[in-house]
Structures are given as C-alpha cells and as structure tokens.
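See below for query.pdb, which holds PDB, C-alpha atoms.
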MODEL        1
ATOM      1  CA  ALA A 192      -8.046 -26.313 109.710
ATOM      2  CA  ALA A 193     -10.664 -23.643 110.329
ATOM      3  CA  ARG A 194      -8.686 -21.113 108.292
ATOM      4  CA  ARG A 195      -8.379 -23.578 105.408
ATOM      5  CA  LEU A 196     -12.127 -24.225 105.491
ATOM      6  CA  ILE A 197     -12.841 -20.502 105.572
ATOM      7  CA  GLY A 198     -10.501 -20.072 102.599
ATOM      8  CA  LEU A 199     -12.435 -22.728 100.674
ATOM      9  CA  LEU A 200     -15.697 -21.041 101.681
ATOM     10  CA  ARG A 201     -14.481 -17.640 100.467
ATOM     11  CA  ASP A 202     -13.371 -19.145  97.138
ATOM     12  CA  ARG A 203     -16.742 -20.842  96.803
ATOM     13  CA  GLN A 204     -18.529 -17.586  97.676
ATOM     14  CA  ILE A 205     -16.989 -15.855  94.645
ATOM     15  CA  GLY A 206     -18.053 -18.713  92.400
ATOM     16  CA  HIS A 207     -14.957 -20.876  92.133
ATOM     17  CA  ARG A 208     -15.210 -24.608  91.696
ATOM     18  CA  ILE A 209     -12.830 -25.513  94.454
ATOM     19  CA  ALA A 210     -12.611 -29.290  94.154
ATOM     20  CA  VAL A 211     -12.870 -32.238  91.793
ATOM     21  CA  GLY A 212     -13.238 -35.922  92.488
ATOM     22  CA  PRO A 213     -16.031 -38.170  93.663
ATOM     23  CA  GLY A 214     -16.666 -36.147  96.852
ATOM     24  CA  ALA A 215     -16.353 -32.692  95.297
ATOM     25  CA  ALA A 216     -20.098 -32.189  94.882
ATOM     26  CA  ARG A 217     -20.603 -33.015  98.556
ATOM     27  CA  LEU A 218     -17.914 -30.509  99.567
ATOM     28  CA  HIS A 219     -19.446 -27.842  97.320
ATOM     29  CA  ASP A 220     -22.934 -28.589  98.662
ATOM     30  CA  GLY A 221     -21.724 -28.283 102.259
ATOM     31  CA  LEU A 222     -20.022 -24.957 101.586
ATOM     32  CA  ASP A 223     -23.086 -23.719  99.711
ATOM     33  CA  ALA A 224     -25.286 -24.743 102.655
ATOM     34  CA  VAL A 225     -23.163 -22.665 105.032
ATOM     35  CA  LEU A 226     -23.288 -19.696 102.650
ATOM     36  CA  ALA A 227     -27.057 -20.061 102.309
ATOM     37  CA  ALA A 228     -27.484 -20.208 106.092
ATOM     38  CA  VAL A 229     -25.416 -17.067 106.546
ATOM     39  CA  CYS A 230     -27.033 -15.153 103.687
ATOM     40  CA  ALA A 231     -30.629 -16.181 104.474
ATOM     41  CA  GLU A 232     -31.301 -13.031 106.474
ATOM     42  CA  PRO A 233     -29.920  -9.523 105.993
ATOM     43  CA  GLN A 234     -28.707  -9.395 109.589
ATOM     44  CA  ALA A 235     -26.892 -12.699 109.148
ATOM     45  CA  ARG A 236     -24.841 -11.427 106.200
ATOM     46  CA  ALA A 237     -22.622  -9.592 108.643
ATOM     47  CA  MET A 238     -21.577 -13.015 109.933
ATOM     48  CA  LEU A 239     -19.611 -13.570 106.725
ATOM     49  CA  ALA A 240     -16.991 -11.236 108.152
ATOM     50  CA  ASP A 241     -16.947 -12.996 111.527
ATOM     51  CA  GLU A 242     -14.479 -15.884 111.345
ATOM     52  CA  ARG A 243     -15.651 -17.344 114.655
ATOM     53  CA  THR A 244     -19.211 -17.686 113.415
ATOM     54  CA  LEU A 245     -18.037 -19.142 110.123
ATOM     55  CA  THR A 246     -15.801 -21.610 111.943
ATOM     56  CA  THR A 247     -18.727 -22.805 114.051
ATOM     57  CA  LEU A 248     -20.975 -23.245 111.020
ATOM     58  CA  LEU A 249     -18.252 -25.015 109.038
ATOM     59  CA  ARG A 250     -17.406 -27.353 111.916
ATOM     60  CA  GLY A 251     -21.034 -28.382 112.082
ATOM     61  CA  GLN A 252     -21.183 -28.982 108.342
ATOM     62  CA  PHE A 253     -17.832 -30.797 108.081
ATOM     63  CA  ALA A 254     -17.486 -32.586 111.415
ATOM     64  CA  ASP A 255     -15.846 -35.629 109.789
ATOM     65  CA  LEU A 256     -13.575 -33.855 107.296
ATOM     66  CA  HIS A 257     -10.029 -35.216 107.214
ATOM     67  CA  TRP A 258      -7.328 -33.066 105.592
ATOM     68  CA  GLY A 259      -4.893 -34.959 103.409
ATOM     69  CA  THR A 260      -1.881 -34.543 101.165
ATOM     70  CA  LEU A 261      -3.555 -36.072  98.099
ATOM     71  CA  ASN A 262      -7.163 -35.188  98.884
ATOM     72  CA  HIS A 263      -9.597 -34.240 101.620
ATOM     73  CA  CYS A 264     -11.837 -36.993 102.954
ATOM     74  CA  LEU A 265     -15.479 -36.238 103.774
ATOM     75  CA  TRP A 266     -15.485 -39.388 105.883
ATOM     76  CA  ASN A 267     -18.510 -41.640 106.260
ATOM     77  CA  ALA A 268     -17.750 -44.966 107.931
ATOM     78  CA  GLY A 269     -20.533 -46.916 106.240
ATOM     79  CA  THR A 270     -19.477 -46.224 102.670
ATOM     80  CA  ALA A 271     -15.732 -45.551 102.815
ATOM     81  CA  GLU A 272     -13.726 -47.336 100.121
ATOM     82  CA  CYS A 273     -10.730 -47.634 102.439
ATOM     83  CA  GLN A 274     -12.658 -49.938 104.771
ATOM     84  CA  ASN A 275     -14.795 -51.901 102.321
ATOM     85  CA  ALA A 276     -12.517 -54.955 102.364
ATOM     86  CA  LEU A 277     -12.558 -55.178 106.153
ATOM     87  CA  PRO A 278     -15.095 -57.214 108.132
ATOM     88  CA  GLU A 279     -17.673 -55.060 109.928
ATOM     89  CA  ASP A 280     -16.143 -55.693 113.357
ATOM     90  CA  GLN A 281     -12.668 -54.544 112.214
ATOM     91  CA  ARG A 282     -13.640 -51.205 110.702
ATOM     92  CA  GLY A 283     -12.170 -48.190 112.437
ATOM     93  CA  PRO A 284     -13.491 -44.791 113.479
ATOM     94  CA  GLY A 285     -11.602 -42.909 110.757
ATOM     95  CA  PRO A 286     -10.165 -43.282 107.277
ATOM     96  CA  LEU A 287      -7.330 -45.714 106.614
ATOM     97  CA  LEU A 288      -4.882 -43.484 104.779
ATOM     98  CA  GLY A 289      -2.824 -46.370 103.382
ATOM     99  CA  ALA A 290      -5.911 -47.839 101.737
ATOM    100  CA  CYS A 291      -7.276 -44.549 100.392
ATOM    101  CA  GLN A 292      -8.424 -44.528  96.769
ATOM    102  CA  PRO A 293      -8.857 -40.777  96.172
ATOM    103  CA  ALA A 294      -9.889 -41.093  92.533
ATOM    104  CA  ARG A 295     -12.598 -43.622  93.349
ATOM    105  CA  CYS A 296     -13.923 -43.034  96.865
ATOM    106  CA  ARG A 297     -17.163 -41.071  97.045
ATOM    107  CA  HIS A 298     -15.769 -39.128 100.003
ATOM    108  CA  SER A 299     -12.678 -37.792  98.232
ATOM    109  CA  ALA A 300     -12.357 -34.145  97.195
ATOM    110  CA  VAL A 301      -9.203 -32.909  95.445
ATOM    111  CA  THR A 302      -8.519 -29.167  95.640
ATOM    112  CA  ALA A 303      -6.086 -26.803  93.948
ATOM    113  CA  LYS A 304      -3.565 -27.427  96.741
ATOM    114  CA  HIS A 305      -3.478 -31.111  95.802
ATOM    115  CA  MET A 306      -3.209 -30.699  92.047
ATOM    116  CA  PRO A 307       0.573 -30.260  91.722
ATOM    117  CA  ILE A 308       1.008 -33.777  93.150
ATOM    118  CA  TRP A 309      -1.605 -35.270  90.829
ATOM    119  CA  LEU A 310      -0.228 -33.504  87.748
ATOM    120  CA  ALA A 311       3.335 -34.571  88.587
ATOM    121  CA  GLU A 312       2.262 -38.181  89.070
ATOM    122  CA  GLU A 313       0.445 -38.130  85.738
ATOM    123  CA  GLN A 314       3.629 -36.949  83.997
ATOM    124  CA  ASP A 315       5.759 -39.540  85.823
ATOM    125  CA  LEU A 316       3.413 -42.352  84.827
ATOM    126  CA  LYS A 317       3.376 -41.224  81.183
ATOM    127  CA  ARG A 318       7.181 -41.086  81.212
ATOM    128  CA  MET A 319       7.473 -44.564  82.752
ATOM    129  CA  LEU A 320       5.078 -45.988  80.168
ATOM    130  CA  THR A 321       7.404 -44.899  77.364
ATOM    131  CA  GLY A 322      10.066 -47.309  78.660
ATOM    132  CA  PRO A 323      10.698 -50.040  76.078
ATOM    133  CA  ARG A 324      11.683 -52.678  78.639
ATOM    134  CA  LEU A 325       8.496 -52.764  80.677
ATOM    135  CA  GLY A 326       7.050 -56.175  81.365
ATOM    136  CA  ALA A 327       3.399 -56.758  80.501
ATOM    137  CA  ALA A 328       2.256 -56.897  84.124
ATOM    138  CA  ARG A 329       4.144 -53.722  85.077
ATOM    139  CA  ARG A 330       2.836 -51.902  81.986
ATOM    140  CA  GLU A 331      -0.730 -52.904  82.863
ATOM    141  CA  SER A 332      -0.249 -51.762  86.463
ATOM    142  CA  LEU A 333       1.089 -48.371  85.313
ATOM    143  CA  GLN A 334      -1.743 -47.974  82.799
ATOM    144  CA  ASN A 335      -4.328 -48.732  85.482
ATOM    145  CA  ARG A 336      -2.764 -46.205  87.840
ATOM    146  CA  LEU A 337      -2.599 -43.607  85.052
ATOM    147  CA  ALA A 338      -6.310 -44.147  84.345
ATOM    148  CA  ASP A 339      -7.081 -43.504  88.034
ATOM    149  CA  VAL A 340      -4.910 -40.394  88.136
ATOM    150  CA  GLN A 341      -6.514 -39.085  84.958
ATOM    151  CA  LEU A 342      -9.967 -39.383  86.528
ATOM    152  CA  ILE A 343      -8.814 -36.439  88.655
ATOM    153  CA  THR A 344      -6.501 -34.528  86.301
ATOM    154  CA  THR A 345      -8.868 -34.582  83.326
ATOM    155  CA  THR A 346     -11.753 -33.319  85.442
ATOM    156  CA  TRP A 347      -9.475 -30.635  86.882
ATOM    157  CA  ARG A 348      -8.386 -29.470  83.431
ATOM    158  CA  GLU A 349     -11.998 -29.333  82.259
ATOM    159  CA  SER A 350     -12.972 -27.220  85.270
ATOM    160  CA  GLN A 351     -10.014 -24.826  84.851
ATOM    161  CA  PRO A 352     -10.033 -23.878  81.141
ATOM    162  CA  ASP A 353      -8.051 -20.656  81.627
ATOM    163  CA  GLN A 354      -5.369 -22.399  83.667
ATOM    164  CA  GLU A 355      -4.468 -25.166  81.176
ATOM    165  CA  GLY A 356      -4.514 -27.805  83.901
ATOM    166  CA  THR A 357      -2.155 -26.140  86.332
ATOM    167  CA  ALA A 358      -3.010 -25.469  89.909
ATOM    168  CA  PRO A 359      -3.410 -21.820  90.889
TER     169      PRO A 359
ENDMDL
END

Same coordinates, now as structure tokens:
Amino acid sequence: AARRLIGLLRDRQIGHRIAVGPGAARLHDGLDAVLAAVCAEPQARAMLADERTLTTLLRGQFADLHWGTLNHCLWNAGTAECQNALPEDQRGPGPLLGACQPARCRHSAVTAKHMPIWLAEEQDLKRMLTGPRLGAARRESLQNRLADVQLITTTWRESQPDQEGTAP
C-alpha cells in the first residue's frame, strides 16, 4: 500500500491528475499537502528520495484510505454513502464494499488502475441497451447505471485528452 501511495505521489509531483470522481480533489489535496510539507524547506527536499519518510507522511495524511478494485475510498464514517441508509447504532468502522457507490460517494477516487474496469462496463452497458427485447424496467435500470458509470468515464476522458479515454 505504501508503494502504491508513493507511486501516486510521484505521479502527482510531476503534475499528473491521478484520479477522478467525487473524492479525487481530496486525494489530490492530500498528496499536494505531503509534497508541500516535504518541499517547504531546502533540507526537507532530500526526503523526497527517502521512501520511509514519504511512507510516514502519507500514512498520516491517508490514515483511513481503503484500496479497492473499482475505486479508492478516503473513508469518513460520518458522511459515507455506503452507510447512509443504516441507523446510527448499526454503522461500522469501515466502508461497506457491497453498498459502495463509487460514482456518487464523496470519498471515492478512481485512478488510472481502475479505468479499464469502468471503460469496459460502459461498453457493456451500451451494448446491452441496444437489445431490442429489453423490458422498460430493465432498460431504465441499465440507463441509470450507464449514467453513473459515465460520471466517471466522461470526467476521465476530459482529464486525459491525449489518451482518448484509455487508461495508461
């Protein structure tokens, strides 16, 4: 996990937008805060080469980060979409992966590693919607899911103009 965070930090350091989604700005801000802390003093710049120091700073900044297949969750118990429907006394100490809404939750950040899944799902949904024998309810369900998926894929394409929507 530390290596993945350091990789994101290095990509951010050279100016890449590394994530899209509702929580992307928070992820970018956290990485920028670590970079600012390290670069604040000339002597501290040497810490950029020290992975142990970076790991410590990143752990402090992202103590509640949960790595996922579809997204990364910058978990915050009080405002997590996955637990909104639960009564206060039944909410857990971490995200509920089965109830995750990555396109809508303010804690969700989708990176380049996640994009192949999102792009493939978008294509699958478009293909399914061309079926002539879809019932009205199923068509509406697929259209709603496609709209959610496109919240991520459209933003990704707009942030990656040279890549034509493909993940690096």

Subject >> Residues matched by the PyMOL selection byres ((chain A and resi 329-335) around 12), written as JSON, numbers by chain >> reply: {"A": [294, 312, 313, 314, 315, 316, 317, 318, 319, 320, 321, 322, 323, 324, 325, 326, 327, 328, 336, 337, 338, 339, 340, 341, 342]}

Would you kindly translate the PyMOL selection byres ((chain A and resi 207-209) around 9) into the concrete residues it picks from this file, as a CSV table (one decimal) with C-alpha atoms, keeping the file's coordinate frame?
chain,number,residue,atom,x,y,z
A,199,LEU,CA,-12.4,-22.7,100.7
A,200,LEU,CA,-15.7,-21.0,101.7
A,201,ARG,CA,-14.5,-17.6,100.5
A,202,ASP,CA,-13.4,-19.1,97.1
A,203,ARG,CA,-16.7,-20.8,96.8
A,204,GLN,CA,-18.5,-17.6,97.7
A,205,ILE,CA,-17.0,-15.9,94.6
A,206,GLY,CA,-18.1,-18.7,92.4
A,210,ALA,CA,-12.6,-29.3,94.2
A,211,VAL,CA,-12.9,-32.2,91.8
A,215,ALA,CA,-16.4,-32.7,95.3
A,218,LEU,CA,-17.9,-30.5,99.6
A,219,HIS,CA,-19.4,-27.8,97.3
A,301,VAL,CA,-9.2,-32.9,95.4
A,302,THR,CA,-8.5,-29.2,95.6
A,303,ALA,CA,-6.1,-26.8,93.9
A,350,SER,CA,-13.0,-27.2,85.3
A,351,GLN,CA,-10.0,-24.8,84.9

Original post:
At a cut-off of 12 Å from (-14.6, -16.8, 111.8) in the coordinates of the file, what residues are picked up using only C-alpha atoms, written as a list of chain:residue names?
Top reply: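 Final list of nearby residues, as requested, is A:Ala192, A:Ala193, A:Arg194, A:Arg195, A:Leu196, A:Ile197, A:Gly198, A:Leu200, A:Arg201, A:Ala237, A:Met238, A:Leu239, A:Ala240, A:Asp241, A:Glu242, A:Arg243, A:Thr244, A:Leu245, A:Thr246, A:Thr247, A:Leu248, A:Leu249, A:Arg250.
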
**OP:** Could you jot down the atom CA of A:Leu222 to atom CA of A:Trp347 separation for me, Å, one decimal place?
**Re:**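 The value is 19.0 Å.
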
Original post:
Looking at A:Leu261, A:Ala224, A:Ala271, A:Leu288, which one is nearest to A:Lys304, with distances taken over only C-alpha atoms?
Top reply: A:Leu261

Subject >> Between atom CA of A:Ala216 and atom CA of A:Ala300 - distance in Å to one decimal >> reply: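 Straight-line distance from atom CA of A:Ala300 to atom CA of A:Ala216 works out to 8.3 Å.
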
Original post:
What is the distance between atom CA of A:Pro307 and atom CA of A:Thr260, in Å to one decimal?
Top reply: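 Value for the atom CA of A:Pro307-atom CA of A:Thr260 distance: 10.7 Å.
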